[in-house]
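Colleague: Here's a structure for you.
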Amino acid sequence: MRLVLSWLKEFVDIDASADDVAGRLGLRGFEVASVEALAGGDAVIDFEITANRPDCLSVLGLAREVATAFDRPLRLPSTDADARVRLAELPVARADGVRVTIEDEELCPRYAALVADVSLGPSPAWLAARLEAAGVRPISTIVDVTNYVNLEIGQPMHAFDAARIAGGEIRVRRAKPGETITTLDGVDRKLDPDMLVIADRDRAQAIAGVMGGAASEVSASTTRVVFESAYFKATSVRRTSKRLGLKTEASTRFERGADIGAQVTAIQRATALMERLGAGRPAGSIVDVFPRPRPAVALHLRRDRLARLLGAAVPDGDTERILRGLGLGVARAADGWDVVAPTFRVDLLREVDLIEEVGRHYGFDSLEPRFPPLTELAPPPDARVARDQLVRRLLMPAGLSEAITFGFIEAKAAELFADGAIRVANPLSGKFDTLRPSLLPGLVDAVAHNRRHGRRDVRLFEVGTRFAAAGETRSVGVAWTGAATIDHWSGAAREVDFFDVKGIAEHMAAAFRVAVRFEPSRAPYLVAGQAAAIVVADGAERGAPLGLAGVLAPNVADARGLPRQDRVCVAELDLDLLDRARAIASDAAVPLARHPFVVRDLSIVVAETLPAEIIRGTILTAGGRLPAPLVASTFFDRYQGTGVPEGAVSVSVRLTFQAPDRTLTDAEVNQSVDKVLAALVREHGAIQR
């Protein structure tokens with residue numbers, strides 16, 4: 001909002017520079033973008049107005065703040081003929097000169113209009129200069145008057161050429177299916193049925209709250225106009241403006257929340273300006289269609305609550321001065337004040353909003369810093385915080401860096417990793433139109449970003465929320481490309497492979513004391529044969545799918561902008577399930593076994609499509625019925641080539657036996673090895689080498 005200093009001083013009698021005004025409001029929560037000196041000693045202050053203060057998108061709104069900050073009276077619009085800030089004394093009628101019908105009272109609760117005979121021409125220098133200083137291009141007296149009123153009191157207005165309004169009728173309705181309109185910028189726009197329009201008897205003449213139509217534009221030949229001053233629902237204007245890609249001074253104000261009490265005042269002010277410029281006179285009364293007037297918002301401010309939240313006892317006189325200075329109705333009560341919020345303060349809805357207003361103008365710098373009194377114990381921290389911290393402590397020492405990606409992603413990225421992703425109804429852009437069903441799309445894109453910037457080895461993880469129709473879950477995702485080991489004089493670095501991310505998953509599961517098993521996965525975004533589903537192997541959650549690990553499919557990597565030669569390994573685990581499946585184990589020390597262990601190596605030939613995890617499962621199942629207890633089984637070799645049939649593979653497994661109460665004999669160990677081999681032959685047709 002560009003505030004012209006001379007314009008401001010018409011409402012507040014202050015002898016202050018632009019820097020003084022900017023500094024005083026800056027201490028009261030207003031962000032000052034710039035202060036610019038103009039010719040003749042005038043100046044412009046550019047304020048960044050937050051979305052919750054639409055009343056300050058006007059000279060009058062900022063003048064209230066300045067008057068309160070400087071403790072000066074506010075000069076409101078009056079009927080004083082000598083005052084520049086004055087209103088026209090006009091009667092209000094239900095119908096006079098133009099018929100107004102509101103067909104959708106939800107989207108347009110109030111519509112005021114006035115017919116006026118006009119004579120168009122250029123605006124005087126003082127008005128044109130003031131508009132230009134505020135960032136608005138002067139056009140003609142009538143158009144400039146509507147723009148001037150918009151900037152001055154924050155109520156957007158529009159002027160129709162009355163001769164082009166068919167039937168002398170204004171109808172506020174929703175657009176018809178397939179209806180179009182050519183707006184003032186010369187663009188043909190197709191309207192949706194949920195968009196509100198201002199129409200005459202035959203067709204739409206304006207997009208409500210956004211822009212007028214070219215068909216009823218005021219031109220040099222115009223001799224009679226219909227002034228419009230209405231209130232439109234903020235969400236309706238915001239939705240229409242966004243869909244049409246059309247941002248205007250009017251839509252900026254309406255979509256934040258206009259003042260439903262300012263419509264008639266705006267027409268009165270426009271009439272006073274028009275008469276002062278000699279540009280026209282009203283041809284009748286103001287038509288004000290307001291079917292259901294809204295009651296003022298009544299609030300109660302407690303004295304002790306004010307002191308408790310601010311940490312200081314504000315004198316009653318200062319509290320009342322501040323609230324009245326801001327235009328609020330104030331009446332004393334036994335424990336504080338009964339306050340009536342004016343219609344232009346759409347942000348005042350709760351007691352705490354009043355406390356903020358008092359604090360702003362009393363001066364936050366005047367409040368003594370102190371800790372608030374504790375009236376109850378703080379709630380215990382969310383257990384998931386400690387769990388997520390544990391995950392970070394596990395993965396960062398493993399050489400991975402934490403990434404934080406967006407919860408919104410583009411649909412084509414989500415479709416690569418999951419079916420049925422949840423689309424966003426009103427996305428910020430096409431890049432953020434879907435809720436992520438997995439952490440992997442964001443991590444893969446982060447890897448691609450790093451690779452495009454020349455980084456070869458990228459190891460990322462993320463702890464975050466993923467979304468599905470069934471609800472939200474927390475997970476941890478990993479994406480790794482490049483070297484698995486660092487360069488060393490003892491040998492060259494090795495490229496990351498499936499077993500590296502599999503090891504990360506095992507490391508995580510072990511830290512949570514959850515037994516897992518790995519099964520072949522057919523996930524379409526992973527390379528077949530280098531993808532595993534991670535399943536809970538024991539406990540109450542036995543058989544539940546915990547996650548996936550594998551090598552990213554080349555077509556997916558290519559679609560996300562990764563170099564074709566890159567091998568990207570990924571993994572994702574469901575942290576909520578990992579938490580539920582966590583085993584409660586004793587932290588007591590376990591003494592080392594007193595009796596020696598015995599190791600036997602067993603080499604077998606099996607089908608090359610048989611996963612090693614299945615073989616391990618068979619061995620462990622057989623191990624529960626052996627004379628010599630089996631305490632460990634480890635694969636240490638895999639061979640294909642001479643001596644091994646086509647389609648088969650030779651694997652070698654090391655079996656470790658140990659009894660807690662005795663030294664094992666060779667006979668017991670040999671018998672146990674034979675039983676393991678027999679189980680492998682029976683279940684998988686294994687052949688011993």
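A note on labels: chains of the structure tokens are A, B, ... as shown, every chain counts residues from 1, and ligands are counted from 1 in their shown order.
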Applying 8 Å and only C-alpha atoms, which residues near A:Gln205 remain after dropping the ones on its own chain fewer than 5 positions away? List them as an MDAnalysis selection string.
Modeller: chainID A and resid 181 197:200 212:216
Colleague: Export C-alpha atoms of the chosen residues as a CSV table (one decimal), in the first residue's frame?
Modeller:
```
chain,number,residue,atom,x,y,z
A,181,ILE,CA,-17.0,-11.9,-21.2
A,197,VAL,CA,-20.9,-11.8,-12.3
A,198,ILE,CA,-22.7,-8.5,-12.5
A,199,ALA,CA,-25.2,-8.8,-15.4
A,200,ASP,CA,-27.8,-6.7,-17.0
A,212,GLY,CA,-15.4,-4.8,-15.4
A,213,GLY,CA,-16.4,-5.7,-18.9
A,214,ALA,CA,-15.5,-3.8,-22.1
A,215,ALA,CA,-19.1,-3.8,-23.3
A,216,SER,CA,-20.2,-1.3,-20.6
```
Colleague: Which residues are close to A:Gly280, i.e. within 12 Å by only C-alpha atoms, leaving aside same-chain residues fewer than 3 positions away? Reply as a list in words.
Modeller: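 Near neighbours after the sequence-gap exclusion: Val115, Ala116, Asp117, Val118, Ser119, Leu120, Gly121, Thr141, Ile142, Val145, Thr222, Thr223, Arg224, Val225, Ala270, Thr271, Ala272, Leu273, Met274, Glu275, Arg276, Leu277 and Ala283 of chain A.
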Colleague: Could you please write out, as a ChimeraX atom specification, every residue of stretch 301-436 of chain A that DSSP assigns to alpha helix (DSSP H)?
Modeller: /A:303-310,316-325,351-362,383-395,411-417
Colleague: With N, CA and C atoms retained, write the just-selected residues as a CSV table (one decimal), in the first residue's frame.
Modeller:
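Ended up saving to result.csv:
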```csv
chain,number,residue,atom,x,y,z
A,303,ARG,N,-9.4,-7.5,32.1
A,303,ARG,CA,-8.2,-6.7,32.6
A,303,ARG,C,-7.1,-7.7,33.0
A,304,ASP,N,-7.4,-8.7,33.8
A,304,ASP,CA,-6.4,-9.6,34.2
A,304,ASP,C,-5.8,-10.5,33.1
A,305,ARG,N,-6.7,-10.8,32.1
A,305,ARG,CA,-6.2,-11.6,31.0
A,305,ARG,C,-5.2,-10.7,30.1
A,306,LEU,N,-5.5,-9.4,30.0
A,306,LEU,CA,-4.7,-8.5,29.3
A,306,LEU,C,-3.3,-8.4,30.0
A,307,ALA,N,-3.3,-8.3,31.3
A,307,ALA,CA,-2.0,-8.2,32.0
A,307,ALA,C,-1.3,-9.5,32.0
A,308,ARG,N,-2.0,-10.6,32.0
A,308,ARG,CA,-1.3,-11.9,32.0
A,308,ARG,C,-0.6,-12.2,30.7
A,309,LEU,N,-1.3,-11.9,29.6
A,309,LEU,CA,-0.7,-12.2,28.3
A,309,LEU,C,0.4,-11.2,27.9
A,310,LEU,N,0.2,-9.9,28.2
A,310,LEU,CA,1.3,-8.9,27.9
A,310,LEU,C,2.4,-8.9,28.9
A,316,ASP,N,-5.8,1.6,32.6
A,316,ASP,CA,-7.1,1.5,32.0
A,316,ASP,C,-7.3,2.7,31.0
A,317,GLY,N,-6.8,3.8,31.3
A,317,GLY,CA,-6.9,5.0,30.4
A,317,GLY,C,-6.2,4.7,29.1
A,318,ASP,N,-5.1,4.1,29.1
A,318,ASP,CA,-4.3,3.8,27.9
A,318,ASP,C,-5.1,2.7,27.1
A,319,THR,N,-5.6,1.8,27.7
A,319,THR,CA,-6.4,0.7,27.0
A,319,THR,C,-7.5,1.3,26.3
A,320,GLU,N,-8.3,2.1,27.0
A,320,GLU,CA,-9.5,2.7,26.3
A,320,GLU,C,-9.1,3.7,25.2
A,321,ARG,N,-8.0,4.5,25.5
A,321,ARG,CA,-7.6,5.4,24.4
A,321,ARG,C,-7.2,4.7,23.2
A,322,ILE,N,-6.5,3.6,23.3
A,322,ILE,CA,-6.0,2.8,22.1
A,322,ILE,C,-7.2,2.2,21.4
A,323,LEU,N,-8.1,1.6,22.1
A,323,LEU,CA,-9.2,0.9,21.4
A,323,LEU,C,-10.1,1.9,20.8
A,324,ARG,N,-10.4,3.0,21.4
A,324,ARG,CA,-11.3,4.0,20.8
A,324,ARG,C,-10.6,4.7,19.6
A,325,GLY,N,-9.3,4.9,19.8
A,325,GLY,CA,-8.5,5.5,18.7
A,325,GLY,C,-8.6,4.6,17.4
A,351,GLU,N,-10.9,-12.4,22.1
A,351,GLU,CA,-10.3,-11.5,23.1
A,351,GLU,C,-8.8,-11.2,22.9
A,352,VAL,N,-8.1,-12.3,22.4
A,352,VAL,CA,-6.7,-12.1,22.3
A,352,VAL,C,-6.4,-11.2,21.1
A,353,ASP,N,-7.3,-11.0,20.2
A,353,ASP,CA,-7.1,-10.0,19.1
A,353,ASP,C,-7.0,-8.6,19.7
A,354,LEU,N,-7.9,-8.3,20.6
A,354,LEU,CA,-7.9,-7.0,21.3
A,354,LEU,C,-6.7,-6.8,22.1
A,355,ILE,N,-6.2,-7.9,22.8
A,355,ILE,CA,-5.0,-7.8,23.5
A,355,ILE,C,-3.8,-7.4,22.6
A,356,GLU,N,-3.8,-8.0,21.5
A,356,GLU,CA,-2.7,-7.7,20.5
A,356,GLU,C,-2.7,-6.2,20.1
A,357,GLU,N,-3.9,-5.7,19.9
A,357,GLU,CA,-4.1,-4.3,19.5
A,357,GLU,C,-3.6,-3.4,20.6
A,358,VAL,N,-3.9,-3.7,21.9
A,358,VAL,CA,-3.4,-2.9,23.0
A,358,VAL,C,-1.9,-3.0,23.1
A,359,GLY,N,-1.4,-4.2,23.0
A,359,GLY,CA,0.0,-4.4,23.1
A,359,GLY,C,0.8,-3.6,22.0
A,360,ARG,N,0.3,-3.6,20.8
A,360,ARG,CA,1.0,-3.0,19.6
A,360,ARG,C,1.1,-1.5,19.9
A,361,HIS,N,0.0,-0.8,20.3
A,361,HIS,CA,0.1,0.6,20.5
A,361,HIS,C,0.5,1.1,21.8
A,362,TYR,N,0.5,0.2,22.8
A,362,TYR,CA,1.1,0.6,24.1
A,362,TYR,C,2.6,0.5,24.0
A,383,ALA,N,6.3,-39.0,21.7
A,383,ALA,CA,7.3,-40.1,21.6
A,383,ALA,C,8.0,-40.2,20.2
A,384,ARG,N,7.3,-39.7,19.2
A,384,ARG,CA,7.8,-39.8,17.8
A,384,ARG,C,9.0,-38.9,17.7
A,385,VAL,N,9.1,-37.8,18.5
A,385,VAL,CA,10.3,-36.9,18.4
A,385,VAL,C,11.6,-37.7,18.7
A,386,ALA,N,11.5,-38.4,19.8
A,386,ALA,CA,12.7,-39.2,20.2
A,386,ALA,C,13.0,-40.3,19.2
A,387,ARG,N,11.9,-40.9,18.7
A,387,ARG,CA,12.2,-42.0,17.7
A,387,ARG,C,12.8,-41.4,16.4
A,388,ASP,N,12.3,-40.2,15.9
A,388,ASP,CA,12.9,-39.6,14.8
A,388,ASP,C,14.4,-39.2,15.0
A,389,GLN,N,14.7,-38.8,16.2
A,389,GLN,CA,16.1,-38.4,16.6
A,389,GLN,C,17.0,-39.7,16.5
A,390,LEU,N,16.4,-40.8,17.0
A,390,LEU,CA,17.2,-42.0,17.0
A,390,LEU,C,17.5,-42.4,15.5
A,391,VAL,N,16.6,-42.2,14.6
A,391,VAL,CA,16.8,-42.5,13.2
A,391,VAL,C,17.9,-41.6,12.7
A,392,ARG,N,17.9,-40.4,13.0
A,392,ARG,CA,19.0,-39.5,12.6
A,392,ARG,C,20.3,-39.9,13.1
A,393,ARG,N,20.4,-40.3,14.4
A,393,ARG,CA,21.6,-40.7,15.0
A,393,ARG,C,22.1,-42.0,14.4
A,394,LEU,N,21.3,-42.8,13.8
A,394,LEU,CA,21.7,-44.0,13.1
A,394,LEU,C,22.3,-43.7,11.7
A,395,LEU,N,21.6,-42.8,11.0
A,395,LEU,CA,21.9,-42.7,9.6
A,395,LEU,C,23.0,-41.6,9.3
A,411,ALA,N,2.2,-34.5,-10.0
A,411,ALA,CA,1.5,-35.7,-10.1
A,411,ALA,C,2.3,-36.8,-10.9
A,412,LYS,N,3.1,-36.3,-11.9
A,412,LYS,CA,3.8,-37.3,-12.7
A,412,LYS,C,5.0,-38.0,-11.9
A,413,ALA,N,5.5,-37.3,-10.9
A,413,ALA,CA,6.5,-37.9,-10.0
A,413,ALA,C,5.8,-38.9,-9.1
A,414,ALA,N,4.6,-38.5,-8.5
A,414,ALA,CA,3.9,-39.4,-7.6
A,414,ALA,C,3.5,-40.7,-8.3
A,415,GLU,N,3.1,-40.6,-9.6
A,415,GLU,CA,2.6,-41.8,-10.3
A,415,GLU,C,3.7,-42.8,-10.6
A,416,LEU,N,5.0,-42.4,-10.6
A,416,LEU,CA,6.1,-43.3,-10.8
A,416,LEU,C,6.3,-44.2,-9.6
A,417,PHE,N,5.8,-43.8,-8.4
A,417,PHE,CA,6.1,-44.5,-7.2
A,417,PHE,C,4.9,-45.1,-6.5
```
Colleague: As an MDAnalysis selection string, please: the residues near stretch 475-481 of chain A (cut-off 8 Å, only C-alpha atoms, same-chain neighbours under 3 positions excluded).
Modeller: chainID A and resid 439:440 443:444 447 456:466 495:496 501 566:576
Colleague: Excluding same-chain residues fewer than 2 positions from stretch 50-59 of chain A, what lies within 8 Å of it counting only C-alpha atoms, as a VMD selection string?
Modeller: chain A and resid 1 3 7 to 8 48 61 to 63 150 to 154 253 256 to 259 344 to 347
Colleague: Restricting the calculation to only C-alpha atoms: of A:Ala279, A:Leu400, A:Leu626, A:Val218, which residue gets closest to A:Pro124?
Modeller: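 For A:Pro124, the nearest of the given residues is A:Ala279.
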